[in-house]
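What follows is the content of run_25.pdb, which has PDB, C-alpha atoms:
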```pdb
ATOM      1  CA  ALA A  19       0.000   0.000   0.000  1.00  0.00           C
ATOM      2  CA  SER A  20       1.090   3.577  -0.451  1.00  0.00           C
ATOM      3  CA  SER A  21      -0.070   7.048   0.458  1.00  0.00           C
ATOM      4  CA  ALA A  22      -1.609   9.116  -2.360  1.00  0.00           C
ATOM      5  CA  PRO A  23       1.435  11.459  -2.841  1.00  0.00           C
ATOM      6  CA  ARG A  24       3.669   8.399  -2.267  1.00  0.00           C
ATOM      7  CA  ARG A  25       5.443   9.997   0.680  1.00  0.00           C
ATOM      8  CA  GLN A  26       5.363   6.652   2.454  1.00  0.00           C
ATOM      9  CA  LEU A  27       5.113   3.023   1.460  1.00  0.00           C
ATOM     10  CA  PHE A  28       3.687   0.455   3.850  1.00  0.00           C
ATOM     11  CA  THR A  29       4.175  -3.286   3.902  1.00  0.00           C
ATOM     12  CA  LEU A  30       3.942  -6.334   6.149  1.00  0.00           C
ATOM     13  CA  ALA A  31       7.064  -8.337   6.907  1.00  0.00           C
ATOM     14  CA  GLY A  32       7.491 -11.006   9.545  1.00  0.00           C
ATOM     15  CA  GLY A  33       4.250  -9.984  11.208  1.00  0.00           C
ATOM     16  CA  HIS A  34       5.354  -6.336  11.519  1.00  0.00           C
ATOM     17  CA  VAL A  35       3.888  -3.265   9.821  1.00  0.00           C
ATOM     18  CA  LEU A  36       6.730  -1.335   8.208  1.00  0.00           C
ATOM     19  CA  SER A  37       6.739   2.217   6.882  1.00  0.00           C
ATOM     20  CA  VAL A  38       9.263   3.308   4.246  1.00  0.00           C
ATOM     21  CA  ASP A  39       9.911   7.014   3.698  1.00  0.00           C
ATOM     22  CA  THR A  40      10.226   7.363  -0.096  1.00  0.00           C
ATOM     23  CA  ALA A  41      12.469  10.440   0.221  1.00  0.00           C
ATOM     24  CA  THR A  42      15.025   9.013   2.654  1.00  0.00           C
ATOM     25  CA  ASP A  43      14.411   5.226   2.401  1.00  0.00           C
ATOM     26  CA  GLU A  44      14.154   5.178   6.202  1.00  0.00           C
ATOM     27  CA  VAL A  45      12.249   2.144   7.496  1.00  0.00           C
ATOM     28  CA  VAL A  46      10.128   2.470  10.645  1.00  0.00           C
ATOM     29  CA  ASP A  47       8.638  -0.510  12.477  1.00  0.00           C
ATOM     30  CA  LEU A  48       5.065   0.472  13.384  1.00  0.00           C
ATOM     31  CA  GLY A  49       4.458  -2.584  15.548  1.00  0.00           C
ATOM     32  CA  ARG A  50       3.758  -6.285  15.381  1.00  0.00           C
ATOM     33  CA  ILE A  51       0.425  -7.702  14.252  1.00  0.00           C
ATOM     34  CA  GLN A  52      -0.728  -9.887  17.134  1.00  0.00           C
ATOM     35  CA  THR A  53      -2.177 -12.643  14.967  1.00  0.00           C
ATOM     36  CA  GLU A  54      -1.486 -14.912  12.037  1.00  0.00           C
ATOM     37  CA  GLY A  55      -3.158 -15.127   8.652  1.00  0.00           C
ATOM     38  CA  TYR A  56      -3.334 -11.426   7.822  1.00  0.00           C
ATOM     39  CA  HIS A  57      -4.667 -10.689   4.330  1.00  0.00           C
ATOM     40  CA  GLY A  58      -6.204  -7.233   3.934  1.00  0.00           C
ATOM     41  CA  PHE A  59      -4.121  -4.062   4.141  1.00  0.00           C
ATOM     42  CA  ALA A  60      -5.268  -0.434   3.857  1.00  0.00           C
ATOM     43  CA  LEU A  61      -3.902   3.027   4.562  1.00  0.00           C
ATOM     44  CA  SER A  62      -6.067   5.925   5.729  1.00  0.00           C
ATOM     45  CA  HIS A  63      -6.151   8.905   3.366  1.00  0.00           C
ATOM     46  CA  ASP A  64      -4.399  11.149   5.886  1.00  0.00           C
ATOM     47  CA  GLU A  65      -1.656   8.517   6.309  1.00  0.00           C
ATOM     48  CA  GLY A  66      -2.373   8.454  10.033  1.00  0.00           C
ATOM     49  CA  GLU A  67      -3.554   4.857  10.329  1.00  0.00           C
ATOM     50  CA  VAL A  68      -2.763   1.472   8.830  1.00  0.00           C
ATOM     51  CA  TYR A  69      -5.492  -1.208   8.912  1.00  0.00           C
ATOM     52  CA  VAL A  70      -4.952  -4.963   8.599  1.00  0.00           C
ATOM     53  CA  THR A  71      -7.576  -7.732   8.494  1.00  0.00           C
ATOM     54  CA  ASP A  72      -6.819 -11.350   9.317  1.00  0.00           C
ATOM     55  CA  SER A  73      -8.397 -14.775   8.918  1.00  0.00           C
ATOM     56  CA  PHE A  74      -9.816 -14.760  12.444  1.00  0.00           C
ATOM     57  CA  GLY A  75     -12.007 -11.693  12.089  1.00  0.00           C
ATOM     58  CA  LEU A  76      -9.705  -9.177  13.734  1.00  0.00           C
ATOM     59  CA  LEU A  77      -8.989  -5.678  12.458  1.00  0.00           C
ATOM     60  CA  THR A  78      -5.624  -4.330  13.589  1.00  0.00           C
ATOM     61  CA  ARG A  79      -5.167  -0.557  13.624  1.00  0.00           C
ATOM     62  CA  SER A  80      -1.622   0.787  13.713  1.00  0.00           C
ATOM     63  CA  ALA A  81      -0.678   4.457  13.934  1.00  0.00           C
ATOM     64  CA  GLY A  82       1.103   5.575  10.775  1.00  0.00           C
ATOM     65  CA  GLY A  83       3.745   7.337  12.831  1.00  0.00           C
ATOM     66  CA  GLY A  84       4.404   4.343  15.047  1.00  0.00           C
ATOM     67  CA  ALA A  85       3.683   6.289  18.227  1.00  0.00           C
ATOM     68  CA  ALA A  86       1.443   3.655  19.812  1.00  0.00           C
ATOM     69  CA  GLU A  87       1.071  -0.114  19.935  1.00  0.00           C
ATOM     70  CA  PRO A  88      -1.341  -1.605  17.363  1.00  0.00           C
ATOM     71  CA  GLU A  89      -4.919  -2.072  18.588  1.00  0.00           C
ATOM     72  CA  THR A  90      -7.322  -4.821  17.534  1.00  0.00           C
ATOM     73  CA  SER A  91     -11.089  -5.102  17.224  1.00  0.00           C
ATOM     74  CA  THR A  92     -13.458  -7.630  15.664  1.00  0.00           C
ATOM     75  CA  TYR A  93     -15.543  -7.128  12.544  1.00  0.00           C
ATOM     76  CA  VAL A  94     -17.198 -10.523  11.912  1.00  0.00           C
ATOM     77  CA  THR A  95     -20.744 -11.741  12.498  1.00  0.00           C
ATOM     78  CA  PRO A  96     -21.310 -14.775  14.769  1.00  0.00           C
ATOM     79  CA  SER A  97     -21.313 -17.060  11.694  1.00  0.00           C
ATOM     80  CA  GLY A  98     -17.618 -16.291  11.147  1.00  0.00           C
ATOM     81  CA  ILE A  99     -15.393 -16.351   8.052  1.00  0.00           C
ATOM     82  CA  GLU A 100     -15.684 -19.222   5.603  1.00  0.00           C
ATOM     83  CA  TYR A 101     -12.902 -18.278   3.201  1.00  0.00           C
ATOM     84  CA  ASN A 102      -9.829 -16.902   4.932  1.00  0.00           C
ATOM     85  CA  ILE A 103      -9.161 -14.021   2.537  1.00  0.00           C
ATOM     86  CA  PRO A 104     -10.742 -10.946   4.159  1.00  0.00           C
ATOM     87  CA  ARG A 105     -10.092  -7.568   2.560  1.00  0.00           C
ATOM     88  CA  VAL A 106     -10.134  -4.039   3.966  1.00  0.00           C
ATOM     89  CA  LEU A 107     -10.625  -0.558   2.462  1.00  0.00           C
ATOM     90  CA  ALA A 108     -10.153   2.904   3.975  1.00  0.00           C
ATOM     91  CA  ALA A 109     -12.572   5.447   2.495  1.00  0.00           C
ATOM     92  CA  PRO A 110     -11.831   9.181   2.102  1.00  0.00           C
ATOM     93  CA  ASP A 111     -14.312  10.052   4.880  1.00  0.00           C
ATOM     94  CA  GLY A 112     -12.486   7.813   7.355  1.00  0.00           C
ATOM     95  CA  LEU A 113     -14.884   4.862   7.348  1.00  0.00           C
ATOM     96  CA  ILE A 114     -13.346   1.400   7.140  1.00  0.00           C
ATOM     97  CA  TYR A 115     -14.851  -1.486   5.165  1.00  0.00           C
ATOM     98  CA  ALA A 116     -13.930  -5.123   5.824  1.00  0.00           C
ATOM     99  CA  GLY A 117     -15.228  -7.629   3.295  1.00  0.00           C
ATOM    100  CA  TYR A 118     -15.276 -11.399   3.616  1.00  0.00           C
ATOM    101  CA  THR A 119     -17.290 -14.453   2.612  1.00  0.00           C
ATOM    102  CA  GLY A 120     -18.930 -16.264   5.505  1.00  0.00           C
ATOM    103  CA  PRO A 121     -21.656 -18.886   5.946  1.00  0.00           C
ATOM    104  CA  GLU A 122     -25.259 -17.765   6.168  1.00  0.00           C
ATOM    105  CA  ALA A 123     -28.029 -20.371   6.326  1.00  0.00           C
ATOM    106  CA  GLY A 124     -25.528 -22.912   5.060  1.00  0.00           C
ATOM    107  CA  LEU A 125     -24.535 -20.891   1.991  1.00  0.00           C
ATOM    108  CA  PRO A 126     -21.458 -18.738   1.295  1.00  0.00           C
ATOM    109  CA  ARG A 127     -22.434 -15.078   1.458  1.00  0.00           C
ATOM    110  CA  PHE A 128     -20.467 -11.865   1.095  1.00  0.00           C
ATOM    111  CA  HIS A 129     -20.361  -9.785   4.290  1.00  0.00           C
ATOM    112  CA  LEU A 130     -19.433  -6.106   4.314  1.00  0.00           C
ATOM    113  CA  SER A 131     -18.600  -4.679   7.740  1.00  0.00           C
ATOM    114  CA  VAL A 132     -18.553  -0.907   8.217  1.00  0.00           C
ATOM    115  CA  LEU A 133     -16.312   0.426  10.995  1.00  0.00           C
ATOM    116  CA  ASP A 134     -15.376   3.867  12.256  1.00  0.00           C
ATOM    117  CA  PRO A 135     -11.726   5.040  12.117  1.00  0.00           C
ATOM    118  CA  LEU A 136     -11.098   3.595  15.603  1.00  0.00           C
ATOM    119  CA  GLY A 137     -12.218   0.146  14.521  1.00  0.00           C
ATOM    120  CA  ASN A 138     -15.646   0.154  16.158  1.00  0.00           C
ATOM    121  CA  LEU A 139     -18.167  -1.940  14.211  1.00  0.00           C
ATOM    122  CA  LEU A 140     -21.069   0.204  12.949  1.00  0.00           C
ATOM    123  CA  HIS A 141     -22.928  -2.127  10.619  1.00  0.00           C
ATOM    124  CA  ASN A 142     -22.706  -5.480   8.867  1.00  0.00           C
ATOM    125  CA  GLN A 143     -24.419  -5.998   5.521  1.00  0.00           C
ATOM    126  CA  ILE A 144     -24.941  -9.480   4.053  1.00  0.00           C
ATOM    127  CA  TYR A 145     -25.342 -10.021   0.297  1.00  0.00           C
ATOM    128  CA  PRO A 146     -26.791 -13.042  -1.573  1.00  0.00           C
ATOM    129  CA  PHE A 147     -23.518 -13.919  -3.316  1.00  0.00           C
ATOM    130  CA  SER A 148     -19.872 -14.597  -2.550  1.00  0.00           C
ATOM    131  CA  SER A 149     -16.895 -12.491  -3.588  1.00  0.00           C
ATOM    132  CA  LEU A 150     -13.261 -12.010  -2.670  1.00  0.00           C
ATOM    133  CA  GLY A 151     -11.427  -8.898  -3.866  1.00  0.00           C
ATOM    134  CA  MET A 152     -12.726  -5.343  -3.475  1.00  0.00           C
ATOM    135  CA  ASP A 153     -11.540  -1.821  -4.218  1.00  0.00           C
ATOM    136  CA  LEU A 154     -12.802   1.766  -4.069  1.00  0.00           C
ATOM    137  CA  THR A 155     -13.409   4.144  -6.932  1.00  0.00           C
ATOM    138  CA  PRO A 156     -11.074   7.166  -6.513  1.00  0.00           C
ATOM    139  CA  GLU A 157     -13.756   9.546  -5.226  1.00  0.00           C
ATOM    140  CA  GLY A 158     -14.862   6.891  -2.751  1.00  0.00           C
ATOM    141  CA  ARG A 159     -18.468   6.634  -3.915  1.00  0.00           C
ATOM    142  CA  PHE A 160     -18.519   2.970  -4.949  1.00  0.00           C
ATOM    143  CA  ILE A 161     -17.007  -0.266  -3.679  1.00  0.00           C
ATOM    144  CA  VAL A 162     -16.121  -2.535  -6.600  1.00  0.00           C
ATOM    145  CA  LEU A 163     -16.165  -6.270  -5.891  1.00  0.00           C
ATOM    146  CA  GLY A 164     -14.289  -9.046  -7.646  1.00  0.00           C
ATOM    147  CA  ASN A 165     -17.560 -10.524  -8.929  1.00  0.00           C
ATOM    148  CA  GLY A 166     -18.241  -7.306 -10.874  1.00  0.00           C
ATOM    149  CA  ASP A 167     -20.810  -5.822  -8.476  1.00  0.00           C
ATOM    150  CA  PHE A 168     -20.745  -2.132  -7.563  1.00  0.00           C
ATOM    151  CA  ILE A 169     -21.904  -1.186  -4.059  1.00  0.00           C
ATOM    152  CA  ASP A 170     -23.018   2.368  -3.306  1.00  0.00           C
ATOM    153  CA  ARG A 171     -21.397   3.395  -0.014  1.00  0.00           C
ATOM    154  CA  LYS A 172     -24.378   5.493   1.098  1.00  0.00           C
ATOM    155  CA  SER A 173     -27.081   2.880   0.639  1.00  0.00           C
ATOM    156  CA  LEU A 174     -24.844  -0.236   0.729  1.00  0.00           C
ATOM    157  CA  GLY A 175     -26.978  -1.490  -2.149  1.00  0.00           C
ATOM    158  CA  VAL A 176     -25.696  -3.077  -5.360  1.00  0.00           C
ATOM    159  CA  VAL A 177     -26.256  -0.493  -8.095  1.00  0.00           C
ATOM    160  CA  ALA A 178     -24.428  -2.008 -11.084  1.00  0.00           C
ATOM    161  CA  HIS A 179     -22.881  -5.251 -12.283  1.00  0.00           C
ATOM    162  CA  ALA A 180     -20.340  -6.243 -14.909  1.00  0.00           C
ATOM    163  CA  PRO A 181     -19.909  -9.947 -15.746  1.00  0.00           C
ATOM    164  CA  THR A 182     -16.536 -11.449 -14.864  1.00  0.00           C
ATOM    165  CA  GLY A 183     -14.968 -14.879 -15.345  1.00  0.00           C
ATOM    166  CA  ARG A 184     -15.125 -18.052 -13.299  1.00  0.00           C
ATOM    167  CA  ALA A 185     -13.754 -17.893  -9.746  1.00  0.00           C
ATOM    168  CA  HIS A 186     -13.331 -14.118  -9.909  1.00  0.00           C
ATOM    169  CA  ASN A 187     -10.569 -13.150  -7.535  1.00  0.00           C
ATOM    170  CA  GLU A 188      -8.915  -9.757  -7.113  1.00  0.00           C
ATOM    171  CA  VAL A 189     -10.053  -6.366  -8.427  1.00  0.00           C
ATOM    172  CA  HIS A 190      -8.090  -3.145  -8.890  1.00  0.00           C
ATOM    173  CA  VAL A 191      -9.473   0.266  -9.870  1.00  0.00           C
ATOM    174  CA  THR A 192      -7.015   2.496 -11.719  1.00  0.00           C
ATOM    175  CA  ALA A 193      -6.008   5.765 -10.041  1.00  0.00           C
ATOM    176  CA  ASP A 194      -7.732   7.809 -12.753  1.00  0.00           C
ATOM    177  CA  GLY A 195     -10.992   5.948 -12.155  1.00  0.00           C
ATOM    178  CA  LEU A 196     -11.387   4.942 -15.793  1.00  0.00           C
ATOM    179  CA  ARG A 197     -11.119   1.155 -15.520  1.00  0.00           C
ATOM    180  CA  ALA A 198     -11.276  -1.763 -13.143  1.00  0.00           C
ATOM    181  CA  TYR A 199      -9.318  -4.981 -13.677  1.00  0.00           C
ATOM    182  CA  VAL A 200     -10.528  -8.327 -12.319  1.00  0.00           C
ATOM    183  CA  THR A 201      -8.456 -11.514 -12.211  1.00  0.00           C
ATOM    184  CA  ASN A 202     -10.345 -14.778 -12.723  1.00  0.00           C
ATOM    185  CA  TYR A 203      -8.761 -17.807 -11.069  1.00  0.00           C
ATOM    186  CA  ASN A 204     -10.512 -20.458 -13.158  1.00  0.00           C
ATOM    187  CA  SER A 205     -10.681 -18.583 -16.472  1.00  0.00           C
ATOM    188  CA  THR A 206      -8.073 -17.952 -19.141  1.00  0.00           C
ATOM    189  CA  PHE A 207      -8.498 -14.182 -19.003  1.00  0.00           C
ATOM    190  CA  ALA A 208      -8.607 -11.077 -16.824  1.00  0.00           C
ATOM    191  CA  THR A 209     -11.648  -8.793 -17.141  1.00  0.00           C
ATOM    192  CA  VAL A 210     -11.373  -5.082 -17.969  1.00  0.00           C
ATOM    193  CA  ILE A 211     -14.368  -2.954 -16.886  1.00  0.00           C
ATOM    194  CA  ASP A 212     -14.983   0.501 -18.341  1.00  0.00           C
ATOM    195  CA  LEU A 213     -16.053   2.801 -15.483  1.00  0.00           C
ATOM    196  CA  ARG A 214     -16.812   5.771 -17.744  1.00  0.00           C
ATOM    197  CA  SER A 215     -19.977   4.240 -19.139  1.00  0.00           C
ATOM    198  CA  ALA A 216     -23.348   4.074 -17.409  1.00  0.00           C
ATOM    199  CA  PRO A 217     -24.094   1.335 -16.749  1.00  0.00           C
ATOM    200  CA  VAL A 218     -20.582  -0.019 -16.485  1.00  0.00           C
ATOM    201  CA  GLU A 219     -19.578  -2.500 -19.144  1.00  0.00           C
ATOM    202  CA  VAL A 220     -16.841  -5.005 -19.857  1.00  0.00           C
ATOM    203  CA  THR A 221     -14.612  -3.667 -22.615  1.00  0.00           C
ATOM    204  CA  LYS A 222     -12.445  -6.716 -23.161  1.00  0.00           C
ATOM    205  CA  HIS A 223     -10.945  -9.853 -21.705  1.00  0.00           C
ATOM    206  CA  VAL A 224      -7.157 -10.002 -21.479  1.00  0.00           C
ATOM    207  CA  GLU A 225      -5.885 -13.520 -22.158  1.00  0.00           C
ATOM    208  CA  CYS A 226      -3.535 -14.988 -19.553  1.00  0.00           C
ATOM    209  CA  PRO A 227      -0.958 -17.627 -20.541  1.00  0.00           C
ATOM    210  CA  PRO A 228      -1.108 -21.011 -18.772  1.00  0.00           C
ATOM    211  CA  PRO A 229      -1.062 -21.922 -16.004  1.00  0.00           C
ATOM    212  CA  ASN A 230      -4.010 -19.583 -15.558  1.00  0.00           C
ATOM    213  CA  HIS A 231      -5.151 -19.254 -11.929  1.00  0.00           C
ATOM    214  CA  ALA A 232      -4.724 -15.469 -12.043  1.00  0.00           C
ATOM    215  CA  HIS A 233      -4.709 -13.634  -8.691  1.00  0.00           C
TER     216      HIS A 233
END
```
Final structure tokens representation of the file:
Amino acid sequence: ASSAPRRQLFTLAGGHVLSVDTATDEVVDLGRIQTEGYHGFALSHDEGEVYVTDSFGLLTRSAGGGAAEPETSTYVTPSGIEYNIPRVLAAPDGLIYAGYTGPEAGLPRFHLSVLDPLGNLLHNQIYPFSSLGMDLTPEGRFIVLGNGDFIDRKSLGVVAHAPTGRAHNEVHVTADGLRAYVTNYNSTFATVIDLRSAPVEVTKHVECPPPNHAH
């Protein structure tokens, strides 16, 4: 992850959150993540906080300046996480979104947890589908999921959909907000979504050489 002006880069190494100053290459240890199986990683827009989600339903919040020990809070529903690849996003207004697929009535369902900047759980929304990756459009209005669904942050409703491949995996929205790219684990292509059109539409599929299993 990186801050918008790229003043700092953040990474996880050996269970520690590290900050790298891009001007001086100085590395600062912001603290150890007190759990295993961390997957999601997000940086607040003011660079003040780093957020990490793990396989056990914990959100770890670490101060960007390393002044305090990391704090943890939970974001899962009682049904728990079914697939251990939770993701996390930090929106421009400070809200945090943790997304994961968990069981609901015996079926895999996508859960979206909304938390305040301190990690307090505000709301959990359950959707009638499963998905893995997620990203924000640059202005922070929509959450884009790996299955091609677009969630409006105000209503938390699905407002658009673009078809992706089999076993859709990760999604990345370009910094200019023009396109979204989705990797499809069990397809031979990655999906390119045009975000300028309304509704959104798939512009092309980019073929991936074997072995496929794109992440």
| request: Show which residues sit within 7 Å of A:Ser73, as a ChimeraX atom specification. Count only C-alpha atoms, and ignore same-chain residues fewer than 3 positions away. | output: /A:55-56,102-104
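Nearest residue to A:Ala108, choosing from A:Pro146, A:Gly137, A:Gly32, A:Gly151 and counting all atoms listed in the file: A:Gly137.
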| said: Quick one: residues within 10 Å of A:Phe147, all atoms listed in the file, excluding same-chain residues fewer than 4 positions away - as a list in words? | reply: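 So, after excluding close chain neighbours, the residues are Thr119, Leu125, Pro126, Arg127, Phe128, His129, Asn165 and Asp167 of chain A.
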| task | List, as JSON, numbers by chain, every residue that the PyMOL selection byres ((chain A and resi 140) around 12) selects in the file provided. | result | {"A": [92, 93, 94, 95, 113, 114, 115, 116, 130, 131, 132, 133, 134, 135, 136, 137, 138, 139, 141, 142, 143]}
| field | the PyMOL selection byres ((chain A and resi 59) around 8) resolved against shown file, as a ChimeraX atom specification | value | /A:19,57-58,60-61,68-71,105-107
| query | For A:Asp64, which of A:Asp43, A:Asp111, A:Glu122, A:Glu100 is the closest residue, counting all atoms listed in the file? | reply | A:Asp111
| Selected by the PyMOL selection byres ((chain A and resi 162) around 9) in the shown coordinates: which residues, as a PyMOL selection string? | chain A and resi 151-155+160-161+163-169+189-191+198
Atoms to include: C-alpha atoms. Write the selected residues as a CSV table (one decimal), in the frame of the given file.
```
chain,number,residue,atom,x,y,z
A,151,GLY,CA,-11.4,-8.9,-3.9
A,152,MET,CA,-12.7,-5.3,-3.5
A,153,ASP,CA,-11.5,-1.8,-4.2
A,154,LEU,CA,-12.8,1.8,-4.1
A,155,THR,CA,-13.4,4.1,-6.9
A,160,PHE,CA,-18.5,3.0,-4.9
A,161,ILE,CA,-17.0,-0.3,-3.7
A,163,LEU,CA,-16.2,-6.3,-5.9
A,164,GLY,CA,-14.3,-9.0,-7.6
A,165,ASN,CA,-17.6,-10.5,-8.9
A,166,GLY,CA,-18.2,-7.3,-10.9
A,167,ASP,CA,-20.8,-5.8,-8.5
A,168,PHE,CA,-20.7,-2.1,-7.6
A,169,ILE,CA,-21.9,-1.2,-4.1
A,189,VAL,CA,-10.1,-6.4,-8.4
A,190,HIS,CA,-8.1,-3.1,-8.9
A,191,VAL,CA,-9.5,0.3,-9.9
A,198,ALA,CA,-11.3,-1.8,-13.1
```
| field | Separation of atom CA of A:Ile144 from atom CA of A:Asp72 in Å | value |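 Pair atom CA of A:Asp72 / atom CA of A:Ile144 returns 19.0 Å.
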| Restricting the calculation to only C-alpha atoms, which member of A:Asp194, A:Glu188, A:Glu157, A:Glu44 is positioned closest to A:His63? |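 Checking each candidate against A:His63, we get A:Glu157 as the closest.
Going from atom CA of A:Ile99 over to atom CA of A:Ser80, you cover 22.7 Å.
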| field | Near-A:Leu196 list (10 Å; only C-alpha atoms; drop same-chain fewer than 6 positions) as a list in words | value | Thr155, Pro156, Ile211, Asp212, Leu213, Arg214 and Ser215 of chain A
| task | Report the distance between atom CA of A:Glu67 and atom CA of A:Asp39 in Å, rounded to one decimal place. | result |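 One can read the atom CA of A:Glu67 to atom CA of A:Asp39 distance as 15.2 Å.
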